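Engineer: Got a file for you: data-v5.pdb, PDB, C-alpha atoms and all ligand atoms.
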ATOM      1  CA  MET A   1      51.864  -7.989 -48.752
ATOM      2  CA  THR A   2      49.651  -5.295 -47.317
ATOM      3  CA  ALA A   3      45.991  -6.116 -47.553
ATOM      4  CA  THR A   4      43.410  -3.921 -49.222
ATOM      5  CA  ARG A   5      41.187  -2.403 -46.565
ATOM      6  CA  ILE A   6      37.501  -3.081 -47.296
ATOM      7  CA  ASP A   7      35.546   0.159 -46.867
ATOM      8  CA  GLY A   8      32.294  -1.027 -45.288
ATOM      9  CA  LYS A   9      31.069   2.544 -44.864
ATOM     10  CA  ALA A  10      31.256   3.187 -48.621
ATOM     11  CA  VAL A  11      29.717  -0.186 -49.574
ATOM     12  CA  ALA A  12      26.885   0.385 -47.078
ATOM     13  CA  ALA A  13      26.240   3.918 -48.414
ATOM     14  CA  ASP A  14      26.009   2.549 -51.988
ATOM     15  CA  LEU A  15      23.636  -0.205 -50.839
ATOM     16  CA  ARG A  16      21.397   2.296 -49.020
ATOM     17  CA  ALA A  17      21.279   4.481 -52.149
ATOM     18  CA  GLU A  18      20.283   1.432 -54.257
ATOM     19  CA  ILE A  19      17.580   0.546 -51.715
ATOM     20  CA  ALA A  20      16.186   4.117 -51.803
ATOM     21  CA  VAL A  21      15.715   3.821 -55.582
ATOM     22  CA  LYS A  22      14.027   0.418 -55.185
ATOM     23  CA  VAL A  23      11.723   1.789 -52.458
ATOM     24  CA  LYS A  24      10.376   4.297 -55.016
ATOM     25  CA  ALA A  25       9.788   1.456 -57.495
ATOM     26  CA  PHE A  26       8.040  -0.535 -54.749
ATOM     27  CA  GLU A  27       5.821   2.450 -53.901
ATOM     28  CA  ALA A  28       4.810   2.876 -57.546
ATOM     29  CA  ARG A  29       3.659  -0.748 -57.691
ATOM     30  CA  ALA A  30       2.279  -1.364 -54.185
ATOM     31  CA  ARG A  31       0.918   2.183 -53.668
ATOM     32  CA  ARG A  32       2.359   2.264 -50.166
ATOM     33  CA  LEU A  33       5.752   2.455 -48.456
ATOM     34  CA  PRO A  34       7.579  -0.398 -46.723
ATOM     35  CA  GLY A  35       7.444  -0.023 -42.914
ATOM     36  CA  LEU A  36       9.865  -1.077 -40.191
ATOM     37  CA  THR A  37       9.044  -1.060 -36.484
ATOM     38  CA  VAL A  38      11.832  -1.385 -33.948
ATOM     39  CA  VAL A  39      10.958  -2.287 -30.359
ATOM     40  CA  LEU A  40      13.381  -1.210 -27.646
ATOM     41  CA  VAL A  41      12.919  -2.510 -24.105
ATOM     42  CA  GLY A  42      14.866  -0.707 -21.372
ATOM     43  CA  GLU A  43      17.585   1.922 -21.548
ATOM     44  CA  ASP A  44      20.773   0.240 -22.744
ATOM     45  CA  PRO A  45      22.781   3.244 -24.119
ATOM     46  CA  ALA A  46      24.410   1.254 -26.960
ATOM     47  CA  SER A  47      21.008  -0.098 -28.067
ATOM     48  CA  GLU A  48      19.517   3.426 -27.946
ATOM     49  CA  VAL A  49      22.213   4.758 -30.308
ATOM     50  CA  TYR A  50      21.741   1.787 -32.604
ATOM     51  CA  VAL A  51      17.937   2.164 -32.678
ATOM     52  CA  ARG A  52      18.242   5.905 -33.368
ATOM     53  CA  ASN A  53      20.568   5.216 -36.307
ATOM     54  CA  LYS A  54      18.194   2.579 -37.631
ATOM     55  CA  GLY A  55      15.351   5.122 -37.563
ATOM     56  CA  ILE A  56      17.383   7.813 -39.358
ATOM     57  CA  GLN A  57      18.622   5.456 -42.079
ATOM     58  CA  THR A  58      15.188   3.860 -42.591
ATOM     59  CA  ARG A  59      13.632   7.282 -43.175
ATOM     60  CA  GLU A  60      16.526   8.354 -45.431
ATOM     61  CA  ALA A  61      15.815   5.291 -47.593
ATOM     62  CA  GLY A  62      12.221   6.540 -47.964
ATOM     63  CA  MET A  63      10.598   3.913 -45.748
ATOM     64  CA  VAL A  64       8.283   4.349 -42.784
ATOM     65  CA  SER A  65      10.123   3.966 -39.472
ATOM     66  CA  ASN A  66       8.437   3.479 -36.122
ATOM     67  CA  GLU A  67       9.994   3.019 -32.728
ATOM     68  CA  ILE A  68       8.246   1.568 -29.708
ATOM     69  CA  LYS A  69      10.063   2.242 -26.441
ATOM     70  CA  LEU A  70       9.067   0.121 -23.470
ATOM     71  CA  PRO A  71      10.332   0.361 -19.879
ATOM     72  CA  GLY A  72      12.997  -2.068 -18.632
ATOM     73  CA  THR A  73      10.368  -3.546 -16.295
ATOM     74  CA  THR A  74       8.191  -4.747 -19.205
ATOM     75  CA  SER A  75       7.001  -8.328 -18.667
ATOM     76  CA  GLN A  76       7.238 -11.099 -21.219
ATOM     77  CA  ALA A  77       3.427 -11.134 -21.596
ATOM     78  CA  GLU A  78       3.421  -7.376 -22.296
ATOM     79  CA  LEU A  79       6.136  -7.699 -24.947
ATOM     80  CA  LEU A  80       4.350 -10.687 -26.533
ATOM     81  CA  ALA A  81       1.203  -8.558 -26.744
ATOM     82  CA  VAL A  82       3.133  -5.779 -28.555
ATOM     83  CA  VAL A  83       4.577  -8.332 -30.989
ATOM     84  CA  ALA A  84       1.079  -9.760 -31.633
ATOM     85  CA  THR A  85      -0.235  -6.264 -32.433
ATOM     86  CA  LEU A  86       2.623  -5.649 -34.875
ATOM     87  CA  ASN A  87       2.122  -9.086 -36.474
ATOM     88  CA  ALA A  88      -1.500  -8.111 -37.160
ATOM     89  CA  ASP A  89      -0.763  -4.577 -38.427
ATOM     90  CA  PRO A  90      -0.844  -4.537 -42.260
ATOM     91  CA  ALA A  91       1.357  -1.394 -42.395
ATOM     92  CA  VAL A  92       4.234  -3.180 -40.650
ATOM     93  CA  ASP A  93       6.510  -5.189 -42.957
ATOM     94  CA  GLY A  94       9.445  -5.612 -40.593
ATOM     95  CA  ILE A  95       9.544  -6.136 -36.827
ATOM     96  CA  LEU A  96      12.839  -5.888 -34.995
ATOM     97  CA  VAL A  97      13.000  -6.428 -31.259
ATOM     98  CA  GLN A  98      16.326  -4.964 -30.164
ATOM     99  CA  MET A  99      18.544  -7.397 -28.228
ATOM    100  CA  PRO A 100      19.687  -7.837 -25.515
ATOM    101  CA  LEU A 101      16.361  -8.034 -23.675
ATOM    102  CA  PRO A 102      16.022  -7.609 -19.891
ATOM    103  CA  GLN A 103      16.481 -10.775 -17.798
ATOM    104  CA  GLN A 104      12.786 -11.349 -17.064
ATOM    105  CA  ILE A 105      12.088 -11.885 -20.773
ATOM    106  CA  ASP A 106      12.741 -15.185 -22.557
ATOM    107  CA  THR A 107      14.459 -14.013 -25.759
ATOM    108  CA  GLN A 108      13.730 -17.224 -27.661
ATOM    109  CA  ALA A 109       9.984 -16.957 -26.901
ATOM    110  CA  ILE A 110       9.977 -13.445 -28.388
ATOM    111  CA  ILE A 111      11.938 -14.529 -31.481
ATOM    112  CA  GLU A 112       9.446 -17.344 -32.071
ATOM    113  CA  ALA A 113       6.429 -15.038 -31.581
ATOM    114  CA  ILE A 114       7.383 -12.767 -34.481
ATOM    115  CA  ASP A 115       5.581 -13.563 -37.747
ATOM    116  CA  PRO A 116       8.353 -15.168 -39.876
ATOM    117  CA  ALA A 117       7.176 -13.043 -42.825
ATOM    118  CA  LYS A 118       8.040  -9.895 -40.798
ATOM    119  CA  ASP A 119      11.176 -11.286 -39.131
ATOM    120  CA  VAL A 120      13.701  -8.866 -40.647
ATOM    121  CA  ASP A 121      16.351 -10.042 -38.158
ATOM    122  CA  GLY A 122      16.058 -13.527 -39.698
ATOM    123  CA  LEU A 123      16.233 -15.201 -36.286
ATOM    124  CA  HIS A 124      12.921 -17.124 -36.305
ATOM    125  CA  PRO A 125      13.528 -20.893 -36.594
ATOM    126  CA  ALA A 126      11.373 -20.920 -39.752
ATOM    127  CA  ASN A 127      13.765 -18.492 -41.460
ATOM    128  CA  ALA A 128      16.897 -20.130 -39.989
ATOM    129  CA  GLY A 129      15.617 -23.520 -41.188
ATOM    130  CA  ARG A 130      14.866 -22.204 -44.669
ATOM    131  CA  LEU A 131      18.338 -20.650 -44.854
ATOM    132  CA  ASN A 132      19.914 -23.969 -43.866
ATOM    133  CA  GLN A 133      17.878 -25.778 -46.513
ATOM    134  CA  GLY A 134      18.997 -23.274 -49.137
ATOM    135  CA  ILE A 135      15.453 -21.907 -49.595
ATOM    136  CA  GLU A 136      14.721 -18.173 -49.952
ATOM    137  CA  ALA A 137      14.465 -16.708 -46.436
ATOM    138  CA  LEU A 138      14.783 -13.503 -44.459
ATOM    139  CA  THR A 139      18.431 -13.787 -43.414
ATOM    140  CA  PRO A 140      20.241 -12.176 -40.449
ATOM    141  CA  CYS A 141      21.587  -8.752 -41.387
ATOM    142  CA  THR A 142      25.239  -8.951 -40.272
ATOM    143  CA  PRO A 143      25.894 -12.238 -42.160
ATOM    144  CA  LEU A 144      24.281 -10.735 -45.277
ATOM    145  CA  GLY A 145      26.612  -7.759 -44.859
ATOM    146  CA  CYS A 146      29.665 -10.055 -44.637
ATOM    147  CA  MET A 147      28.685 -11.773 -47.888
ATOM    148  CA  ILE A 148      28.160  -8.471 -49.704
ATOM    149  CA  LEU A 149      31.601  -7.249 -48.554
ATOM    150  CA  LEU A 150      33.241 -10.458 -49.844
ATOM    151  CA  GLU A 151      31.428 -10.196 -53.176
ATOM    152  CA  LYS A 152      32.187  -6.468 -53.627
ATOM    153  CA  SER A 153      35.860  -7.163 -52.862
ATOM    154  CA  GLY A 154      36.012  -9.721 -55.674
ATOM    155  CA  VAL A 155      36.734 -12.640 -53.343
ATOM    156  CA  GLN A 156      36.249 -16.040 -55.008
ATOM    157  CA  ILE A 157      33.842 -17.835 -52.647
ATOM    158  CA  ALA A 158      32.977 -20.969 -54.639
ATOM    159  CA  GLY A 159      35.476 -23.708 -53.792
ATOM    160  CA  ALA A 160      37.242 -21.618 -51.138
ATOM    161  CA  ASN A 161      37.997 -22.948 -47.656
ATOM    162  CA  ALA A 162      36.042 -20.709 -45.299
ATOM    163  CA  VAL A 163      36.498 -20.759 -41.526
ATOM    164  CA  VAL A 164      33.818 -19.088 -39.434
ATOM    165  CA  ILE A 165      34.829 -18.506 -35.814
ATOM    166  CA  GLY A 166      31.687 -18.392 -33.655
ATOM    167  CA  ARG A 167      28.432 -20.353 -33.816
ATOM    168  CA  SER A 168      25.789 -17.881 -32.633
ATOM    169  CA  ILE A 169      22.352 -17.835 -34.292
ATOM    170  CA  LEU A 170      22.951 -14.124 -35.003
ATOM    171  CA  VAL A 171      26.241 -14.378 -36.908
ATOM    172  CA  GLY A 172      28.263 -17.626 -36.950
ATOM    173  CA  ARG A 173      25.643 -20.154 -38.043
ATOM    174  CA  PRO A 174      23.864 -18.016 -40.657
ATOM    175  CA  VAL A 175      27.097 -16.746 -42.222
ATOM    176  CA  ALA A 176      28.278 -20.368 -42.464
ATOM    177  CA  ALA A 177      24.986 -21.276 -44.200
ATOM    178  CA  LEU A 178      25.406 -18.382 -46.655
ATOM    179  CA  LEU A 179      29.001 -19.394 -47.431
ATOM    180  CA  LEU A 180      27.867 -22.982 -48.002
ATOM    181  CA  ALA A 181      25.077 -21.759 -50.299
ATOM    182  CA  ALA A 182      27.778 -19.867 -52.210
ATOM    183  CA  ASN A 183      29.693 -23.175 -52.578
ATOM    184  CA  ALA A 184      32.512 -22.596 -50.089
ATOM    185  CA  THR A 185      33.863 -25.510 -48.034
ATOM    186  CA  VAL A 186      32.886 -24.329 -44.567
ATOM    187  CA  THR A 187      34.331 -25.037 -41.127
ATOM    188  CA  ILE A 188      32.590 -23.619 -38.063
ATOM    189  CA  ALA A 189      35.068 -23.126 -35.218
ATOM    190  CA  HIS A 190      34.004 -22.235 -31.692
ATOM    191  CA  SER A 191      35.098 -22.056 -28.063
ATOM    192  CA  ARG A 192      35.777 -25.838 -27.940
ATOM    193  CA  THR A 193      37.736 -26.030 -31.204
ATOM    194  CA  ARG A 194      41.181 -27.579 -30.778
ATOM    195  CA  ASP A 195      44.106 -25.589 -32.180
ATOM    196  CA  LEU A 196      42.075 -22.722 -33.605
ATOM    197  CA  ALA A 197      45.228 -21.169 -35.080
ATOM    198  CA  ALA A 198      45.884 -24.279 -37.207
ATOM    199  CA  VAL A 199      42.235 -24.385 -38.346
ATOM    200  CA  CYS A 200      42.446 -20.704 -39.341
ATOM    201  CA  ARG A 201      45.662 -21.204 -41.299
ATOM    202  CA  GLN A 202      43.740 -23.460 -43.729
ATOM    203  CA  ALA A 203      41.278 -20.688 -44.537
ATOM    204  CA  ASP A 204      41.024 -18.714 -47.769
ATOM    205  CA  ILE A 205      38.226 -16.794 -46.028
ATOM    206  CA  VAL A 206      38.157 -16.090 -42.271
ATOM    207  CA  ILE A 207      35.019 -14.715 -40.638
ATOM    208  CA  ALA A 208      35.691 -13.819 -36.996
ATOM    209  CA  ALA A 209      32.506 -13.436 -34.899
ATOM    210  CA  VAL A 210      33.689 -14.155 -31.392
ATOM    211  CA  GLY A 211      33.644 -11.066 -29.175
ATOM    212  CA  LYS A 212      37.269 -11.505 -28.000
ATOM    213  CA  PRO A 213      39.517  -8.496 -28.690
ATOM    214  CA  GLU A 214      42.245  -9.258 -31.261
ATOM    215  CA  LEU A 215      42.007 -13.033 -30.721
ATOM    216  CA  VAL A 216      42.988 -13.756 -34.326
ATOM    217  CA  ARG A 217      46.648 -12.913 -34.989
ATOM    218  CA  GLY A 218      48.508 -12.374 -38.232
ATOM    219  CA  ASP A 219      50.332 -15.715 -37.957
ATOM    220  CA  TRP A 220      46.905 -17.476 -38.006
ATOM    221  CA  ILE A 221      46.193 -16.055 -41.471
ATOM    222  CA  LYS A 222      47.063 -17.837 -44.708
ATOM    223  CA  PRO A 223      48.876 -15.448 -47.074
ATOM    224  CA  GLY A 224      46.364 -13.960 -49.524
ATOM    225  CA  ALA A 225      43.281 -14.786 -47.419
ATOM    226  CA  ALA A 226      40.187 -12.595 -47.063
ATOM    227  CA  VAL A 227      39.507 -11.569 -43.459
ATOM    228  CA  ILE A 228      36.116 -10.323 -42.294
ATOM    229  CA  ASP A 229      36.122  -9.083 -38.703
ATOM    230  CA  VAL A 230      32.634  -9.004 -37.193
ATOM    231  CA  GLY A 231      33.795  -8.429 -33.623
ATOM    232  CA  ILE A 232      32.939  -5.231 -31.786
ATOM    233  CA  ASN A 233      34.863  -4.944 -28.522
ATOM    234  CA  ARG A 234      34.951  -1.790 -26.431
ATOM    235  CA  VAL A 235      38.335  -1.447 -24.713
ATOM    236  CA  ALA A 236      40.210   1.282 -22.843
ATOM    237  CA  ALA A 237      42.219   3.608 -25.108
ATOM    238  CA  ASP A 238      45.510   5.331 -24.188
ATOM    239  CA  SER A 239      43.558   8.624 -24.009
ATOM    240  CA  GLY A 240      41.602   7.220 -21.050
ATOM    241  CA  LYS A 241      38.443   6.990 -23.176
ATOM    242  CA  THR A 242      37.202   3.765 -24.780
ATOM    243  CA  LYS A 243      37.679   2.625 -28.365
ATOM    244  CA  LEU A 244      36.271  -0.142 -30.553
ATOM    245  CA  ILE A 245      38.463  -2.973 -31.730
ATOM    246  CA  GLY A 246      37.689  -6.191 -33.570
ATOM    247  CA  ASP A 247      38.312  -9.894 -33.014
ATOM    248  CA  VAL A 248      41.303  -9.699 -35.381
ATOM    249  CA  HIS A 249      44.641  -8.045 -34.685
ATOM    250  CA  TYR A 250      44.385  -5.706 -37.671
ATOM    251  CA  GLU A 251      48.024  -4.717 -38.283
ATOM    252  CA  SER A 252      49.502  -8.226 -38.190
ATOM    253  CA  ALA A 253      46.616  -9.753 -40.173
ATOM    254  CA  ALA A 254      46.716  -6.961 -42.791
ATOM    255  CA  ALA A 255      50.396  -7.748 -43.345
ATOM    256  CA  VAL A 256      49.499 -11.197 -44.757
ATOM    257  CA  ALA A 257      45.875 -11.040 -45.956
ATOM    258  CA  ASP A 258      44.711  -9.949 -49.409
ATOM    259  CA  VAL A 259      41.641  -8.056 -48.172
ATOM    260  CA  ILE A 260      40.512  -7.209 -44.643
ATOM    261  CA  THR A 261      37.754  -5.251 -42.924
ATOM    262  CA  PRO A 262      38.655  -2.666 -40.276
ATOM    263  CA  VAL A 263      36.816  -2.153 -36.978
ATOM    264  CA  PRO A 264      35.103   0.256 -36.930
ATOM    265  CA  GLY A 265      34.096   0.950 -40.548
ATOM    266  CA  GLY A 266      33.945  -2.614 -41.876
ATOM    267  CA  VAL A 267      31.049  -4.966 -41.149
ATOM    268  CA  GLY A 268      29.312  -2.611 -38.696
ATOM    269  CA  PRO A 269      27.826  -0.140 -41.221
ATOM    270  CA  MET A 270      26.569  -3.048 -43.361
ATOM    271  CA  THR A 271      24.226  -4.336 -40.668
ATOM    272  CA  ILE A 272      21.696  -1.490 -40.812
ATOM    273  CA  ALA A 273      21.934  -1.310 -44.631
ATOM    274  CA  CYS A 274      21.036  -5.030 -44.750
ATOM    275  CA  LEU A 275      18.191  -4.448 -42.313
ATOM    276  CA  LEU A 276      16.756  -1.934 -44.786
ATOM    277  CA  GLN A 277      17.230  -4.467 -47.567
ATOM    278  CA  ASN A 278      15.406  -7.125 -45.526
ATOM    279  CA  THR A 279      12.530  -4.729 -44.801
ATOM    280  CA  LEU A 280      12.110  -4.046 -48.504
ATOM    281  CA  THR A 281      12.348  -7.791 -49.262
ATOM    282  CA  ALA A 282       9.703  -8.583 -46.608
ATOM    283  CA  ALA A 283       7.440  -5.866 -48.048
ATOM    284  CA  CYS A 284       7.901  -7.337 -51.544
ATOM    285  CA  TYR A 285       7.013 -10.866 -50.393
ATOM    286  CA  ARG A 286       3.918  -9.550 -48.630
ATOM    287  CA  GLU A 287       2.836  -7.699 -51.803
ATOM    288  CA  LYS A 288       3.758 -10.680 -54.025
ATOM    289  CA  ILE A 289       6.368  -8.587 -55.854
ATOM    290  CA  ASP A 290       9.625 -10.250 -56.904
ATOM    291  CA  PRO A 291      12.321  -8.183 -55.101
ATOM    292  CA  LYS A 292      14.659  -8.775 -58.057
ATOM    293  CA  SER A 293      12.136  -7.088 -60.387
ATOM    294  CA  LEU A 294      12.485  -3.690 -58.641
TER
HETATM  295  P1  LIG A 301      28.127 -14.700 -29.114
HETATM  296  O1  LIG A 301      28.729 -14.395 -27.795
HETATM  297  O2  LIG A 301      26.691 -15.080 -29.200
HETATM  298  O3  LIG A 301      28.949 -15.882 -29.793
HETATM  299  C1  LIG A 301      30.336 -15.918 -29.761
HETATM  300  C2  LIG A 301      30.816 -17.222 -30.334
HETATM  301  O4  LIG A 301      32.244 -17.247 -30.254
HETATM  302  C3  LIG A 301      30.299 -18.454 -29.618
HETATM  303  O5  LIG A 301      29.691 -19.298 -30.564
HETATM  304  C4  LIG A 301      31.554 -19.111 -29.018
HETATM  305  O6  LIG A 301      31.546 -20.531 -29.187
HETATM  306  C5  LIG A 301      32.678 -18.511 -29.829
HETATM  307  N1  LIG A 301      33.870 -18.335 -29.008
HETATM  308  C6  LIG A 301      33.966 -17.749 -27.787
HETATM  309  N2  LIG A 301      35.246 -17.770 -27.367
HETATM  310  C7  LIG A 301      35.965 -18.381 -28.310
HETATM  311  C8  LIG A 301      37.329 -18.691 -28.450
HETATM  312  N3  LIG A 301      38.211 -18.374 -27.501
HETATM  313  N4  LIG A 301      37.722 -19.320 -29.552
HETATM  314  C9  LIG A 301      36.821 -19.643 -30.530
HETATM  315  N5  LIG A 301      35.530 -19.333 -30.478
HETATM  316  C10 LIG A 301      35.098 -18.736 -29.363
HETATM  317  O7  LIG A 301      28.457 -13.451 -30.025
HETATM  318  P2  LIG A 301      27.790 -12.934 -31.406
HETATM  319  O8  LIG A 301      26.469 -12.320 -31.138
HETATM  320  O9  LIG A 301      27.922 -13.957 -32.468
HETATM  321  O10 LIG A 301      28.805 -11.728 -31.712
HETATM  322  C11 LIG A 301      30.181 -11.948 -31.938
HETATM  323  C12 LIG A 301      30.879 -10.636 -32.047
HETATM  324  O11 LIG A 301      30.370  -9.932 -33.159
HETATM  325  C13 LIG A 301      30.688  -9.699 -30.854
HETATM  326  O12 LIG A 301      31.869  -8.935 -30.683
HETATM  327  C14 LIG A 301      29.560  -8.793 -31.286
HETATM  328  O13 LIG A 301      29.609  -7.533 -30.648
HETATM  329  C15 LIG A 301      29.871  -8.667 -32.753
HETATM  330  N6  LIG A 301      28.696  -8.348 -33.582
HETATM  331  C16 LIG A 301      28.843  -7.357 -34.481
HETATM  332  C17 LIG A 301      27.784  -7.024 -35.314
HETATM  333  C18 LIG A 301      27.976  -5.951 -36.322
HETATM  334  O14 LIG A 301      27.029  -5.318 -36.735
HETATM  335  N7  LIG A 301      29.207  -5.701 -36.770
HETATM  336  C19 LIG A 301      26.577  -7.686 -35.205
HETATM  337  C20 LIG A 301      26.463  -8.743 -34.300
HETATM  338  C21 LIG A 301      27.546  -9.064 -33.488
END
Using the file provided, produce a representation of the structure as structure tokens.
Ligand code: NAD
Structural biologist:
Amino acid sequence: MTATRIDGKAVAADLRAEIAVKVKAFEARARRLPGLTVVLVGEDPASEVYVRNKGIQTREAGMVSNEIKLPGTTSQAELLAVVATLNADPAVDGILVQMPLPQQIDTQAIIEAIDPAKDVDGLHPANAGRLNQGIEALTPCTPLGCMILLEKSGVQIAGANAVVIGRSILVGRPVAALLLAANATVTIAHSRTRDLAAVCRQADIVIAAVGKPELVRGDWIKPGAAVIDVGINRVAADSGKTKLIGDVHYESAAAVADVITPVPGGVGPMTIACLLQNTLTAACYREKIDPKSL
């Protein structure tokens, strides 16, 4: 069997086009545009590229995009003050503080300072708690993207055995909560899991969110499984430059799986598209508009 490659770029482009239409419907009802503000502290080159792409795609979807760039020496108190200003600004629907933050800043304190109603990253404990209780919540973007890719690929989630590798608050835990909400039987594996290969072999759905290049091999995959590779690992290429690879060894896994995401071009493009979706959802909640009615 050779797996069908899930085209995350195409799914993300369709989602962004759908969002752009809904933004117009939102504007007609709320008489304003949804607004996203991204805060970047320091000069991490990867974060700068990511923030630039967020800005471009937010504007392309017809929303207001603002970027606040702060020096790498910014103190925690200064960043908390910026967050407080954004919390109080009625034109701001979504606040995203780009991670990682410099060492002198307590990331958790910043996450908890963001108004949960504007927490488009879905990391605030109020949103994480709501997600775990199965209540409507702003949900982390990458996990939302994984679920959309599974659904668009026609994967049967209800009743499936799903194994999530990784337990971060950004990916592993929320994607497990979403799979559970969709009625999968969910196992969360992590760095202390015994015999990870055997755990994986039970899975109809594997979500790899580890950050270890090609950890998951083809002989860990149950024939006919769906494989979603969240990992982004920069490694040296033969050309002497660097290239991106996932947490799954693509060729061997694709030889046994039914569907599989590539890296790059799989989950990655979905993350920003889902951020736009979350910004629109946050704007709808704030205007007391049912997002499903757009
Ligand atoms: P993290 O470092 O916070 O968490 C990694 C998790 O993997 C931990 O829970 C750890 O227990 C587990 N783990 C580590 N080694 C393991 C091993 N040998 N066996 C089993 N589990 C192990 O990382 P994260 O933020 O969740 O990100 C995971 C990966 O996903 C990274 O490569 C990151 O770059 C990527 N990522 C991609 C996107 C995207 O948009 N595609 C978004 C977020 C993260």
Engineer: Just give me the gap between CA of Arg167 in chain A and CA of Glu251 in chain A in Å, one decimal is fine.
Structural biologist: 25.5 Å
Engineer: Would you give me, as a tab-separated table, each residue of chain A having an atom within 8 Å of an atom of ligand LIG 301 (chain A), along with its shortest atom pair and that distance in Å to one decimal, using only C-alpha atoms and all ligand atoms and sorting by chain and residue number?
Structural biologist:
residue	atom	partner	partner_atom	distance
A:Cys141	CA	A:LIG301	O14	7.9
A:Thr142	CA	A:LIG301	O14	5.4
A:Ile165	CA	A:LIG301	N5	5.4
A:Gly166	CA	A:LIG301	C2	3.6
A:Arg167	CA	A:LIG301	O5	3.6
A:Ser168	CA	A:LIG301	O9	4.5
A:Ile169	CA	A:LIG301	O9	7.0
A:Leu170	CA	A:LIG301	O8	5.5
A:Val171	CA	A:LIG301	O9	4.8
A:Gly172	CA	A:LIG301	O9	5.8
A:Ala189	CA	A:LIG301	N5	6.1
A:His190	CA	A:LIG301	N5	3.5
A:Ser191	CA	A:LIG301	C10	3.6
A:Arg192	CA	A:LIG301	C9	6.8
A:Thr193	CA	A:LIG301	C9	6.5
A:Leu196	CA	A:LIG301	C9	6.8
A:Ala208	CA	A:LIG301	C12	7.6
A:Ala209	CA	A:LIG301	C11	4.0
A:Val210	CA	A:LIG301	O4	3.6
A:Gly211	CA	A:LIG301	O12	3.2
A:Lys212	CA	A:LIG301	O12	6.6
A:Pro213	CA	A:LIG301	O12	7.9
A:Leu215	CA	A:LIG301	N3	7.3
A:Asp229	CA	A:LIG301	N7	7.9
A:Val230	CA	A:LIG301	O11	4.7
A:Gly231	CA	A:LIG301	O12	3.6
A:Ile232	CA	A:LIG301	O12	4.0
A:Asn233	CA	A:LIG301	O12	5.4
A:Gly246	CA	A:LIG301	O12	7.1
A:Asp247	CA	A:LIG301	O12	6.9
A:Gly266	CA	A:LIG301	N7	7.6
A:Val267	CA	A:LIG301	N7	4.8
A:Gly268	CA	A:LIG301	N7	3.6
A:Pro269	CA	A:LIG301	O14	6.9
A:Met270	CA	A:LIG301	O14	7.0
A:Thr271	CA	A:LIG301	O14	4.9
A:Ile272	CA	A:LIG301	O14	7.7
Engineer: Report as a PDB file with C-alpha atoms, keeping the file's coordinate frame all protein, DNA and RNA residues lying within 9 Å of Gly62 in chain A, evaluated on only C-alpha atoms, omitting residues in the same chain fewer than 6 positions from it.
Structural biologist:
ATOM      1  CA  ILE A  19      17.580   0.546 -51.715  1.00  0.00           C
ATOM      2  CA  ALA A  20      16.186   4.117 -51.803  1.00  0.00           C
ATOM      3  CA  VAL A  21      15.715   3.821 -55.582  1.00  0.00           C
ATOM      4  CA  VAL A  23      11.723   1.789 -52.458  1.00  0.00           C
ATOM      5  CA  LYS A  24      10.376   4.297 -55.016  1.00  0.00           C
ATOM      6  CA  LEU A  33       5.752   2.455 -48.456  1.00  0.00           C
ATOM      7  CA  PRO A  34       7.579  -0.398 -46.723  1.00  0.00           C
TER       8      PRO A  34
END
Engineer: I'd like the neighbourhood of Val206 in chain A as a list of chain:residue names, where a residue qualifies if any of its atoms comes within 9 Å (using only C-alpha atoms), though same-chain residues fewer than 3 positions away should be ignored.
Structural biologist: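 Listed by chain and then number, they are A:Asn161, A:Ala162, A:Val163, A:Val164, A:Ile165, A:Cys200, A:Ala203, A:Ile221, A:Ala225, A:Ala226, A:Val227, A:Ile228, A:Asp229.
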Engineer: Taking the file as shown, find all residues satisfying the PyMOL selection byres (((chain A and resi 41) around 9) and not hetatm) and write them as a list in words.
Structural biologist: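 Here the PyMOL selection byres (((chain A and resi 41) around 9) and not hetatm) matches Val39, Leu40, Gly42, Glu43, Asp44, Ile68, Lys69, Leu70, Pro71, Gly72, Thr73, Thr74, Leu79, Val97, Gln98, Met99, Pro100, Leu101 and Pro102 of chain A.
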Engineer: Can I get the selected residues back with C-alpha atoms, as a PDB file, keeping the file's coordinate frame?
Structural biologist:
ATOM      1  CA  VAL A  39      10.958  -2.287 -30.359  1.00  0.00           C
ATOM      2  CA  LEU A  40      13.381  -1.210 -27.646  1.00  0.00           C
ATOM      3  CA  GLY A  42      14.866  -0.707 -21.372  1.00  0.00           C
ATOM      4  CA  GLU A  43      17.585   1.922 -21.548  1.00  0.00           C
ATOM      5  CA  ASP A  44      20.773   0.240 -22.744  1.00  0.00           C
ATOM      6  CA  ILE A  68       8.246   1.568 -29.708  1.00  0.00           C
ATOM      7  CA  LYS A  69      10.063   2.242 -26.441  1.00  0.00           C
ATOM      8  CA  LEU A  70       9.067   0.121 -23.470  1.00  0.00           C
ATOM      9  CA  PRO A  71      10.332   0.361 -19.879  1.00  0.00           C
ATOM     10  CA  GLY A  72      12.997  -2.068 -18.632  1.00  0.00           C
ATOM     11  CA  THR A  73      10.368  -3.546 -16.295  1.00  0.00           C
ATOM     12  CA  THR A  74       8.191  -4.747 -19.205  1.00  0.00           C
ATOM     13  CA  LEU A  79       6.136  -7.699 -24.947  1.00  0.00           C
ATOM     14  CA  VAL A  97      13.000  -6.428 -31.259  1.00  0.00           C
ATOM     15  CA  GLN A  98      16.326  -4.964 -30.164  1.00  0.00           C
ATOM     16  CA  MET A  99      18.544  -7.397 -28.228  1.00  0.00           C
ATOM     17  CA  PRO A 100      19.687  -7.837 -25.515  1.00  0.00           C
ATOM     18  CA  LEU A 101      16.361  -8.034 -23.675  1.00  0.00           C
ATOM     19  CA  PRO A 102      16.022  -7.609 -19.891  1.00  0.00           C
TER      20      PRO A 102
END
Engineer: Could you tell me which of A:Gly265, A:Thr279, A:Tyr285, A:Val120 comes closest to Ala13 in chain A if we count all atoms listed in the file?
Structural biologist: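 Checking each candidate against Ala13 in chain A, we get A:Gly265 as the closest.
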